[in-house]
>>> print(open('input_16.csv').read())   # CSV, C-alpha atoms and all ligand atoms
chain,number,residue,atom,x,y,z
G,1,MET,CA,51.0,115.6,18.9
G,2,LEU,CA,48.0,113.4,18.2
G,3,ASN,CA,47.2,110.1,20.0
G,4,ARG,CA,45.2,107.6,18.0
G,5,ARG,CA,43.3,105.3,20.3
G,6,ILE,CA,40.5,102.7,20.4
G,7,VAL,CA,37.6,103.2,22.7
G,8,LEU,CA,34.4,101.3,23.7
G,9,ASP,CA,31.5,102.4,21.5
G,10,HIS,CA,28.9,100.2,23.2
G,11,ARG,CA,28.9,97.1,25.5
G,12,PRO,CA,29.1,93.7,23.9
G,13,SER,CA,26.7,90.9,24.4
G,14,GLY,CA,28.5,87.5,24.5
G,15,LEU,CA,31.4,87.2,22.1
G,16,PRO,CA,32.6,90.8,21.3
G,17,THR,CA,32.1,92.0,17.7
G,18,PRO,CA,34.1,94.7,15.8
G,19,ASP,CA,31.3,97.3,16.0
G,20,ILE,CA,31.7,97.7,19.8
G,21,PHE,CA,35.0,99.5,19.2
G,22,ARG,CA,35.7,102.9,17.6
G,23,VAL,CA,38.9,104.7,16.7
G,24,GLU,CA,39.4,108.3,17.7
G,25,GLU,CA,42.2,110.9,17.9
G,26,VAL,CA,42.9,113.1,20.9
G,27,ALA,CA,45.8,115.4,21.8
G,28,VAL,CA,48.6,113.9,23.9
G,29,PRO,CA,48.5,115.7,27.3
G,30,GLU,CA,51.4,117.5,28.8
G,31,LEU,CA,53.3,115.5,31.5
G,32,THR,CA,53.2,116.4,35.1
G,33,GLU,CA,56.0,115.6,37.6
G,34,GLY,CA,56.7,111.9,37.9
G,35,GLN,CA,55.1,110.9,34.6
G,36,VAL,CA,56.5,109.3,31.4
G,37,LEU,CA,55.3,109.5,27.8
G,38,LEU,CA,55.6,106.3,25.8
G,39,ARG,CA,55.4,105.8,22.0
G,40,ASN,CA,53.8,102.4,22.2
G,41,ARG,CA,55.4,99.5,20.4
G,42,ILE,CA,53.4,96.4,21.6
G,43,PHE,CA,50.1,95.7,23.2
G,44,ALA,CA,49.4,92.5,25.2
G,45,ILE,CA,45.9,91.3,24.3
G,46,ASP,CA,44.3,89.8,27.5
G,47,PRO,CA,41.1,87.9,28.1
G,48,ALA,CA,40.5,89.7,31.4
G,49,VAL,CA,39.7,92.8,29.4
G,50,ARG,CA,36.4,91.1,28.3
G,51,GLY,CA,35.2,91.3,31.9
G,52,MET,CA,35.9,95.0,32.0
G,53,LEU,CA,33.7,95.6,28.9
G,54,ASP,CA,30.6,94.6,31.0
G,55,ASP,CA,29.2,96.9,33.6
G,56,VAL,CA,29.8,94.5,36.5
G,57,LYS,CA,31.9,94.7,39.6
G,58,SER,CA,35.4,93.1,39.3
G,59,TYR,CA,38.9,93.6,40.5
G,60,MET,CA,39.2,96.4,37.9
G,61,PRO,CA,36.6,99.1,37.2
G,62,PRO,CA,34.4,98.6,34.1
G,63,VAL,CA,35.4,100.5,31.0
G,64,ALA,CA,33.0,103.5,30.5
G,65,ILE,CA,31.3,104.0,27.2
G,66,GLY,CA,33.7,106.1,25.2
G,67,GLY,CA,36.5,104.9,27.5
G,68,LEU,CA,39.9,103.7,26.4
G,69,ILE,CA,40.3,99.9,26.0
G,70,PRO,CA,42.7,98.9,28.7
G,71,THR,CA,45.8,96.8,28.1
G,72,MET,CA,49.4,96.2,29.1
G,73,VAL,CA,51.7,98.2,26.8
G,74,LEU,CA,55.4,98.3,26.1
G,75,GLY,CA,56.7,101.5,24.6
G,76,GLU,CA,59.7,103.7,24.0
G,77,VAL,CA,60.1,106.6,26.4
G,78,VAL,CA,59.9,109.8,24.3
G,79,ARG,CA,59.6,112.3,27.2
G,80,SER,CA,60.2,111.7,30.9
G,81,ARG,CA,59.6,113.7,34.1
G,82,HIS,CA,60.5,110.6,36.2
G,83,PRO,CA,64.0,110.2,37.6
G,84,ASP,CA,64.3,106.5,36.7
G,85,PHE,CA,63.3,106.8,33.1
G,86,ARG,CA,65.3,108.4,30.3
G,87,GLU,CA,64.4,109.0,26.6
G,88,GLY,CA,65.0,105.7,24.7
G,89,ASP,CA,64.2,103.5,27.7
G,90,TYR,CA,61.3,101.1,27.5
G,91,GLY,CA,58.4,101.5,29.9
G,92,ARG,CA,55.7,98.9,30.6
G,93,ALA,CA,52.4,99.4,32.4
G,94,PHE,CA,48.6,98.8,32.2
G,95,ALA,CA,47.5,101.6,29.9
G,96,GLY,CA,45.4,101.2,26.7
G,97,TRP,CA,45.0,100.5,23.0
G,98,GLU,CA,46.6,103.9,21.9
G,99,THR,CA,49.7,105.1,20.1
G,100,TYR,CA,51.0,107.1,23.0
G,101,SER,CA,50.5,106.5,26.7
G,102,VAL,CA,51.2,108.8,29.6
G,103,LEU,CA,52.3,106.6,32.5
G,104,SER,CA,52.2,107.4,36.2
G,105,PRO,CA,54.0,105.4,38.9
G,106,SER,CA,50.6,104.4,40.4
G,107,GLN,CA,49.7,102.4,37.3
G,108,VAL,CA,49.6,98.6,37.6
G,109,GLY,CA,52.8,97.1,36.4
G,110,PHE,CA,54.7,100.4,36.0
G,111,GLU,CA,58.2,99.3,35.2
G,112,ASN,CA,61.4,100.4,33.3
G,113,VAL,CA,62.0,97.2,31.3
G,114,HIS,CA,65.6,96.5,30.4
G,115,VAL,CA,65.0,95.2,26.9
G,116,SER,CA,68.0,93.0,26.0
G,117,PRO,CA,69.1,92.8,22.3
G,118,ASP,CA,69.4,89.0,22.5
G,119,LEU,CA,65.6,88.5,23.0
G,120,PRO,CA,62.9,89.6,20.6
G,121,MET,CA,61.0,92.6,21.9
G,122,THR,CA,57.8,90.7,22.0
G,123,ALA,CA,59.2,88.4,24.7
G,124,TYR,CA,58.7,91.2,27.2
G,125,MET,CA,55.0,91.1,26.6
G,126,GLY,CA,54.6,87.3,26.6
G,127,ALA,CA,56.6,84.5,28.0
G,128,CYS,CA,59.1,86.9,29.7
G,129,GLY,CA,56.3,89.4,30.5
G,130,TRP,CA,53.2,89.2,32.5
G,131,SER,CA,51.9,85.9,31.0
G,132,GLY,CA,55.2,84.2,32.1
G,133,ILE,CA,55.3,86.0,35.4
G,134,THR,CA,51.7,84.9,36.1
G,135,ALA,CA,52.5,81.3,35.3
G,136,TYR,CA,55.6,81.4,37.5
G,137,VAL,CA,54.0,83.0,40.6
G,138,GLY,CA,50.8,80.9,40.1
G,139,LEU,CA,52.7,77.7,40.2
G,140,LYS,CA,55.4,78.5,42.8
G,141,ARG,CA,53.6,80.7,45.3
G,142,TYR,CA,49.9,80.0,45.0
G,143,GLY,CA,50.2,76.4,43.8
G,144,GLU,CA,53.1,75.5,46.0
G,145,MET,CA,54.5,73.3,43.2
G,146,ARG,CA,56.8,70.5,44.3
G,147,ASP,CA,59.2,68.2,42.4
G,148,GLY,CA,57.3,65.2,41.2
G,149,ASP,CA,53.9,66.8,41.3
G,150,GLU,CA,51.3,65.5,38.8
G,151,VAL,CA,50.1,68.8,37.2
G,152,LEU,CA,47.1,69.6,35.1
G,153,VAL,CA,47.1,72.9,33.1
G,154,SER,CA,44.0,74.2,31.3
G,155,ALA,CA,44.1,76.5,28.2
G,156,ALA,CA,47.5,74.8,27.8
G,157,ALA,CA,48.3,76.2,24.3
G,158,GLY,CA,47.5,79.7,25.5
G,159,ALA,CA,49.7,82.5,26.7
G,160,VAL,CA,49.8,81.6,30.4
G,161,GLY,CA,49.1,77.9,30.1
G,162,SER,CA,51.9,77.2,27.6
G,163,VAL,CA,54.5,78.8,30.0
G,164,ALA,CA,52.9,77.2,33.1
G,165,GLY,CA,53.2,73.7,31.6
G,166,GLN,CA,56.8,74.2,30.6
G,167,ILE,CA,57.8,75.6,34.0
G,168,ALA,CA,56.2,72.6,35.6
G,169,ARG,CA,58.1,70.3,33.3
G,170,LEU,CA,61.4,72.1,34.0
G,171,SER,CA,60.7,71.8,37.7
G,172,GLY,CA,60.4,68.0,37.6
G,173,CYS,CA,56.7,67.6,37.4
G,174,ARG,CA,54.6,65.4,35.1
G,175,VAL,CA,52.3,67.7,33.1
G,176,VAL,CA,49.1,67.2,31.2
G,177,GLY,CA,47.3,70.1,29.4
G,178,THR,CA,43.7,70.5,28.3
G,179,VAL,CA,43.2,72.2,24.9
G,180,GLY,CA,40.3,72.9,22.5
G,181,ALA,CA,41.7,71.6,19.2
G,182,ALA,CA,43.8,68.7,17.8
G,183,ASP,CA,46.5,71.1,16.4
G,184,LYS,CA,46.8,72.7,19.9
G,185,ALA,CA,47.2,69.2,21.4
G,186,ARG,CA,50.1,68.5,19.0
G,187,ILE,CA,51.8,71.9,19.8
G,188,VAL,CA,51.5,71.2,23.6
G,189,THR,CA,53.1,67.7,23.4
G,190,GLU,CA,55.4,67.9,20.4
G,191,THR,CA,56.7,71.5,20.7
G,192,LEU,CA,56.3,72.3,24.4
G,193,GLY,CA,57.1,68.9,25.8
G,194,PHE,CA,54.0,68.3,27.9
G,195,ASP,CA,53.7,64.6,28.8
G,196,ALA,CA,50.1,64.4,27.4
G,197,ALA,CA,47.3,66.6,26.1
G,198,ILE,CA,43.5,66.2,26.3
G,199,ASP,CA,41.4,67.8,23.5
G,200,TYR,CA,38.3,68.4,25.6
G,201,ARG,CA,36.2,69.1,22.5
G,202,ALA,CA,36.9,65.7,21.1
G,203,GLU,CA,36.4,63.8,24.4
G,204,PRO,CA,32.8,62.5,25.0
G,205,ASP,CA,33.6,62.5,28.8
G,206,LEU,CA,36.2,64.8,30.2
G,207,GLY,CA,36.2,63.1,33.6
G,208,MET,CA,37.1,59.8,32.0
G,209,ALA,CA,39.9,61.4,30.0
G,210,LEU,CA,41.3,62.9,33.2
G,211,ASP,CA,41.0,59.4,34.9
G,212,ARG,CA,43.1,57.9,32.1
G,213,ALA,CA,45.7,60.8,32.2
G,214,PHE,CA,45.9,60.8,36.0
G,215,PRO,CA,45.3,57.2,37.3
G,216,ASP,CA,46.6,58.3,40.8
G,217,GLY,CA,45.0,61.7,40.8
G,218,ILE,CA,46.2,65.3,40.4
G,219,ASP,CA,48.5,67.2,42.8
G,220,LEU,CA,48.2,70.6,41.3
G,221,TYR,CA,45.6,72.0,38.8
G,222,PHE,CA,46.6,75.4,37.3
G,223,ASP,CA,43.2,76.6,36.4
G,224,ASN,CA,42.8,79.1,33.5
G,225,VAL,CA,39.3,78.3,32.5
G,226,GLY,CA,36.9,77.3,35.4
G,227,GLY,CA,33.7,75.9,34.0
G,228,ALA,CA,33.4,72.2,33.1
G,229,THR,CA,37.1,71.6,33.3
G,230,LEU,CA,37.2,72.7,37.0
G,231,ASP,CA,34.1,70.7,37.8
G,232,ALA,CA,35.7,67.6,36.3
G,233,ALA,CA,39.1,68.2,38.0
G,234,LEU,CA,37.8,68.6,41.5
G,235,PRO,CA,36.9,65.0,42.2
G,236,ARG,CA,40.2,63.9,40.7
G,237,MET,CA,42.5,65.9,43.0
G,238,LYS,CA,44.7,64.0,45.4
G,239,ALA,CA,44.3,64.5,49.1
G,240,PHE,CA,45.7,68.0,49.9
G,241,GLY,CA,45.8,68.9,46.2
G,242,ARG,CA,46.2,72.5,45.2
G,243,ILE,CA,44.3,74.6,42.7
G,244,PRO,CA,45.8,78.1,42.0
G,245,VAL,CA,42.9,79.8,40.2
G,246,CYS,CA,44.5,82.1,37.5
G,247,GLY,CA,41.3,82.8,35.6
G,248,MET,CA,37.9,81.5,34.5
G,249,ILE,CA,37.7,82.3,30.8
G,250,ALA,CA,34.9,79.8,30.2
G,251,ASN,CA,32.6,82.4,31.9
G,252,TYR,CA,34.0,85.7,30.4
G,253,ASN,CA,31.6,85.9,27.5
G,254,GLN,CA,28.6,85.0,29.7
G,255,GLN,CA,29.3,86.6,33.1
G,256,THR,CA,25.6,86.9,34.0
G,257,GLU,CA,25.2,83.1,33.6
G,258,PRO,CA,28.4,81.5,34.9
G,259,PHE,CA,28.8,77.7,34.6
G,260,PRO,CA,27.4,76.0,37.7
G,261,ILE,CA,30.2,74.1,39.6
G,262,ARG,CA,28.6,71.0,41.1
G,263,ASN,CA,31.6,69.3,42.7
G,264,LEU,CA,32.7,71.9,45.2
G,265,TRP,CA,32.1,69.5,48.1
G,266,GLN,CA,35.2,67.7,46.8
G,267,MET,CA,37.3,70.5,48.4
G,268,VAL,CA,36.4,68.9,51.7
G,269,VAL,CA,36.6,65.3,50.5
G,270,ASN,CA,40.1,65.9,49.1
G,271,ARG,CA,41.1,68.7,51.6
G,272,ILE,CA,41.9,70.9,48.5
G,273,THR,CA,43.5,74.4,48.7
G,274,MET,CA,41.9,76.5,46.0
G,275,ARG,CA,43.3,80.0,45.8
G,276,GLY,CA,42.6,82.8,43.4
G,277,PHE,CA,45.4,85.2,42.7
G,278,LEU,CA,46.4,88.3,40.7
G,279,ALA,CA,50.0,88.1,39.5
G,280,TYR,CA,50.7,91.8,40.0
G,281,GLU,CA,50.1,91.3,43.7
G,282,ALA,CA,53.2,89.1,43.9
G,283,ALA,CA,55.4,92.1,43.1
G,284,ASP,CA,58.3,90.8,45.2
G,285,MET,CA,58.7,87.8,42.9
G,286,VAL,CA,58.7,89.7,39.6
G,287,HIS,CA,62.5,90.1,39.2
G,288,GLU,CA,63.0,86.4,40.1
G,289,ALA,CA,60.4,85.3,37.6
G,290,GLU,CA,61.8,87.5,34.8
G,291,ALA,CA,65.3,86.3,35.4
G,292,ALA,CA,64.3,82.6,35.4
G,293,LEU,CA,62.1,83.0,32.3
G,294,ALA,CA,64.7,84.9,30.3
G,295,GLY,CA,67.3,82.2,31.2
G,296,TRP,CA,65.1,79.4,30.1
G,297,ILE,CA,64.2,81.2,26.8
G,298,ARG,CA,67.8,81.9,26.1
G,299,SER,CA,68.9,78.3,26.8
G,300,GLY,CA,66.1,77.0,24.5
G,301,GLU,CA,64.5,75.1,27.4
G,302,LEU,CA,61.3,77.2,27.2
G,303,ILE,CA,59.6,77.9,23.9
G,304,ALA,CA,57.9,81.3,23.8
G,305,LEU,CA,54.7,80.8,21.7
G,306,GLU,CA,53.1,83.9,20.3
G,307,ASN,CA,50.8,85.2,17.6
G,308,VAL,CA,51.4,88.7,16.5
G,309,ALA,CA,49.2,91.1,14.5
G,310,THR,CA,50.5,94.5,13.2
G,311,GLY,CA,48.9,97.9,13.5
G,312,LEU,CA,46.7,99.7,16.1
G,313,GLU,CA,43.5,98.9,14.1
G,314,SER,CA,44.2,95.1,14.3
G,315,ALA,CA,43.7,95.1,18.1
G,316,PRO,CA,39.9,94.5,18.0
G,317,ASP,CA,40.2,91.5,15.6
G,318,ALA,CA,43.1,90.1,17.7
G,319,PHE,CA,41.0,90.3,20.8
G,320,ILE,CA,38.0,88.7,19.1
G,321,ARG,CA,40.1,85.8,17.9
G,322,LEU,CA,41.5,85.4,21.4
G,323,MET,CA,38.1,85.4,23.0
G,324,SER,CA,36.8,82.8,20.5
G,325,GLY,CA,39.7,80.3,21.2
G,326,GLN,CA,41.4,80.7,17.8
G,327,THR,CA,44.8,81.7,19.0
G,328,THR,CA,47.9,79.8,20.3
G,329,GLY,CA,50.5,81.4,22.6
G,330,LYS,CA,50.5,85.0,23.6
G,331,THR,CA,48.3,87.3,21.5
G,332,LEU,CA,50.1,90.5,20.8
G,333,VAL,CA,49.7,93.6,18.6
G,334,ARG,CA,52.9,95.3,17.5
G,335,LEU,CA,52.3,98.9,16.3
G,336,ASP,CA,55.1,98.9,13.8
G,337,GLN,CA,56.5,96.2,11.5
G,338,ASP,CA,60.1,96.7,12.8
G,339,VAL,CA,59.3,95.3,16.3
G,340,SER,CA,61.2,92.0,16.5
G,341,ILE,CA,59.2,88.8,17.1
G,342,PHE,CA,60.0,85.1,17.7
G,343,PRO,CA,60.3,83.1,14.5
G,344,ASN,CA,57.3,80.8,14.2
U,1,LIG,N1,45.4,86.0,37.7
U,1,LIG,C1,46.2,86.7,36.9
U,1,LIG,O1,47.0,87.5,37.3
U,1,LIG,C2,46.1,86.5,35.4
U,1,LIG,C3,47.0,87.1,34.5
U,1,LIG,C4,46.9,86.8,33.2
U,1,LIG,C5,45.9,86.0,32.7
U,1,LIG,N2,45.0,85.5,33.6
U,1,LIG,C6,44.0,84.5,33.1
U,1,LIG,O2,44.6,83.4,32.6
U,1,LIG,C7,43.7,82.8,31.7
U,1,LIG,C8,44.5,82.6,30.3
U,1,LIG,O3,44.8,83.8,29.8
U,1,LIG,P1,45.8,83.9,28.5
U,1,LIG,O4,46.1,85.4,28.4
U,1,LIG,O5,46.8,83.0,28.7
U,1,LIG,O6,44.8,83.5,27.4
U,1,LIG,P2,45.0,82.3,26.3
U,1,LIG,O7,45.1,81.1,27.1
U,1,LIG,O8,46.1,82.7,25.4
U,1,LIG,O9,43.7,82.3,25.4
U,1,LIG,C9,42.5,81.9,25.9
U,1,LIG,C10,42.3,80.4,25.7
U,1,LIG,O10,41.3,80.0,26.6
U,1,LIG,C11,40.7,78.9,26.1
U,1,LIG,N3,39.2,78.9,26.4
U,1,LIG,C12,38.6,78.1,27.3
U,1,LIG,N4,37.3,78.3,27.3
U,1,LIG,C13,37.1,79.4,26.5
U,1,LIG,C14,35.9,80.1,26.2
U,1,LIG,N5,34.7,79.8,26.7
U,1,LIG,N6,36.1,81.1,25.3
U,1,LIG,C15,37.3,81.4,24.8
U,1,LIG,N7,38.4,80.7,25.1
U,1,LIG,C16,38.3,79.7,25.9
U,1,LIG,C17,40.9,78.8,24.6
U,1,LIG,O11,41.9,77.7,24.4
U,1,LIG,P3,41.3,76.3,24.0
U,1,LIG,O12,40.9,76.4,22.6
U,1,LIG,O13,42.4,75.4,24.3
U,1,LIG,O14,40.1,76.0,24.9
U,1,LIG,C18,41.7,80.1,24.3
U,1,LIG,O15,42.6,80.0,23.3
U,1,LIG,C19,42.5,83.7,31.5
U,1,LIG,O16,41.5,83.2,32.3
U,1,LIG,C20,43.0,85.0,32.1
U,1,LIG,O17,42.0,85.8,32.6
U,1,LIG,C21,45.1,85.7,34.9
>>> encode(input="input_16.csv", output="structure tokens")
Amino acid sequence: MLNRRIVLDHRPSGLPTPDIFRVEEVAVPELTEGQVLLRNRIFAIDPAVRGMLDDVKSYMPPVAIGGLIPTMVLGEVVRSRHPDFREGDYGRAFAGWETYSVLSPSQVGFENVHVSPDLPMTAYMGACGWSGITAYVGLKRYGEMRDGDEVLVSAAAGAVGSVAGQIARLSGCRVVGTVGAADKARIVTETLGFDAAIDYRAEPDLGMALDRAFPDGIDLYFDNVGGATLDAALPRMKAFGRIPVCGMIANYNQQTEPFPIRNLWQMVVNRITMRGFLAYEAADMVHEAEAALAGWIRSGELIALENVATGLESAPDAFIRLMSGQTTGKTLVRLDQDVSIFPN
């Protein structure tokens, strides 16, 4: 059996370009005890992968030249030597852009996902998958969200941000999102029910826009971007404000020259708790998060935004669009046309 996969041809400089990727075919290896073979159905396209394409130290090792591009996959079990997986089950784990994945229990996110027929399959890779789980644990555990909080969410029309803002709204908070385009601002307020949106590209002074949106200050800033937005938010936090740091995408295409944060002293002034987190380290909350997210999606209280490309070869383009801010909601690649998606 042949596995078609996408590997790193050479390292990118700045925004990735299609030539850094190459397609190859290799044999699918035999399973050893405890392993599962998936025929992949969906890839989650994630900004954190950009960091792994550079040869720098991070929480995941860099991708080697010629190495598989890593990603979270959802696939159908076609062979199993694991007692908890049977043929026809759906497995999810951090694997790669490939048609077949061999999963071992030690892999990040290794899980038998009970795909329910009343949700599109893509839900399990977006709002009801790790993007939703990240939003949920980021707000509840690391952001210590409370009823009535004034909440700022950056990259608010994106995969994690769109869910984070909606969870905050459903939890009794007032929510404002920052976005990089007028159409994203409309989606965030009109479709997702945020109280307001700030198009940071259209604002001559982001700090003044935040002052208008939060005259009494910000209790909780769910930070997806770092950079200028974090710098502007720091002086506008209320006393004992909380900043769960989910990611810093503003730096991912320029890791050697990150944006200089000038307002860090405001952590002392405002006695801010700022905490970086990795969602998969909140493993004890995963089932709670999945149940809550599925319930909200089924009841129509939470809209699952996604943009879906089809076919293995579309993964590089989907990733480049994500890394240039052109996407809304979760960016996904389905390997076959028959994978069910949310209607737009
Ligand atoms: N800690 C964790 O466990 C965890 C898990 C998943 C994701 N994350 C992080 O969460 C953040 C959001 O991830 P996501 O998957 O939800 O992505 P996303 O928000 O769907 O897409 C990225 C968005 O970031 C915004 N952005 C801001 N500055 C940018 C820049 N310089 N270049 C490109 N885009 C920029 C763009 O929106 P605008 O046009 O609105 O600016 C873009 O659409 C990322 O930082 C990611 O690394 C963390």
>>> residues_around(input="input_16.csv", residues="Ser340 in chain G", least_positions_apart="4", cutoff="7 Å", atoms="all atoms listed in the file", output="PDB file with C-alpha atoms, keeping the file's coordinate frame")
ATOM      1  CA  PRO G 120      62.900  89.600  20.600  1.00  0.00           C
ATOM      2  CA  MET G 121      61.000  92.600  21.900  1.00  0.00           C
ATOM      3  CA  THR G 122      57.800  90.700  22.000  1.00  0.00           C
TER       4      THR G 122
END
>>> residues_around(input="input_16.csv", residues="range 65-68 of chain G", least_positions_apart="2", cutoff="12 Å", atoms="all atoms listed in the file", output="PyMOL selection string")
chain G and resi 3-12+20-26+49+52-55+61-63+70-71+94-99+101
>>> closest_residue(input="input_16.csv", among="G:Phe110, G:Ile249, G:Leu170, G:Met72", to="Ser324 in chain G", atoms="only C-alpha atoms")
G:Ile249
>>> residues_around(input="input_16.csv", residues="Glu111 in chain G", least_positions_apart="4", cutoff="8 Å", atoms="all atoms listed in the file", output="MDAnalysis selection string")
chainID G and resid 91:93
>>> residues_around(input="input_16.csv", residues="range 79-86 of chain G", least_positions_apart="6", cutoff="6 Å", atoms="all atoms listed in the file", output="ChimeraX atom specification")
/G:33-37
>>> closest_residue(input="input_16.csv", among="G:Leu152, G:Ala164, G:Ala157, G:Met145", to="ligand LIG 1 (chain U)", atoms="all atoms listed in the file")
G:Ala157
>>> atom_distance(input="input_16.csv", atom1="CA of Val175 in chain G", atom2="atom N2 of ligand LIG 1 (chain U)")
19.2 Å
>>> residues_around(input="input_16.csv", residues="range 203-209 of chain G", least_positions_apart="2", cutoff="9 Å", atoms="all atoms listed in the file", output="MDAnalysis selection string")
chainID G and resid 198:201 211:214 228:229 231:233 235:236
>>> residues_near_ligand(input="input_16.csv", ligand="ligand LIG 1 (chain U)", cutoff="6 Å", atoms="all atoms listed in the file", output="short mmCIF file (atom, residue, chain, number, x, y, z; two decimals) with C-alpha atoms, in the frame of the given file")
data_model
loop_
_atom_site.label_atom_id
_atom_site.label_comp_id
_atom_site.auth_asym_id
_atom_site.auth_seq_id
_atom_site.Cartn_x
_atom_site.Cartn_y
_atom_site.Cartn_z
CA ASP G 46 44.30 89.80 27.50
CA PRO G 47 41.10 87.90 28.10
CA ALA G 48 40.50 89.70 31.40
CA SER G 131 51.90 85.90 31.00
CA THR G 134 51.70 84.90 36.10
CA ALA G 155 44.10 76.50 28.20
CA ALA G 157 48.30 76.20 24.30
CA GLY G 158 47.50 79.70 25.50
CA ALA G 159 49.70 82.50 26.70
CA VAL G 160 49.80 81.60 30.40
CA GLY G 161 49.10 77.90 30.10
CA VAL G 179 43.20 72.20 24.90
CA GLY G 180 40.30 72.90 22.50
CA ALA G 181 41.70 71.60 19.20
CA ASN G 224 42.80 79.10 33.50
CA VAL G 225 39.30 78.30 32.50
CA CYS G 246 44.50 82.10 37.50
CA GLY G 247 41.30 82.80 35.60
CA MET G 248 37.90 81.50 34.50
CA ILE G 249 37.70 82.30 30.80
CA ALA G 250 34.90 79.80 30.20
CA PHE G 277 45.40 85.20 42.70
CA LEU G 278 46.40 88.30 40.70
CA ALA G 279 50.00 88.10 39.50
CA LEU G 322 41.50 85.40 21.40
CA MET G 323 38.10 85.40 23.00
CA SER G 324 36.80 82.80 20.50
CA GLY G 325 39.70 80.30 21.20
CA GLN G 326 41.40 80.70 17.80
CA THR G 327 44.80 81.70 19.00
CA GLY G 329 50.50 81.40 22.60
CA LYS G 330 50.50 85.00 23.60
#
>>> closest_residue(input="input_16.csv", among="G:Arg321, G:Arg262, G:Lys140, G:Arg146", to="Cys173 in chain G", atoms="all atoms listed in the file")
G:Arg146
>>> atom_distance(input="input_16.csv", atom1="CA of Arg334 in chain G", atom2="CA of Arg41 in chain G")
5.7 Å
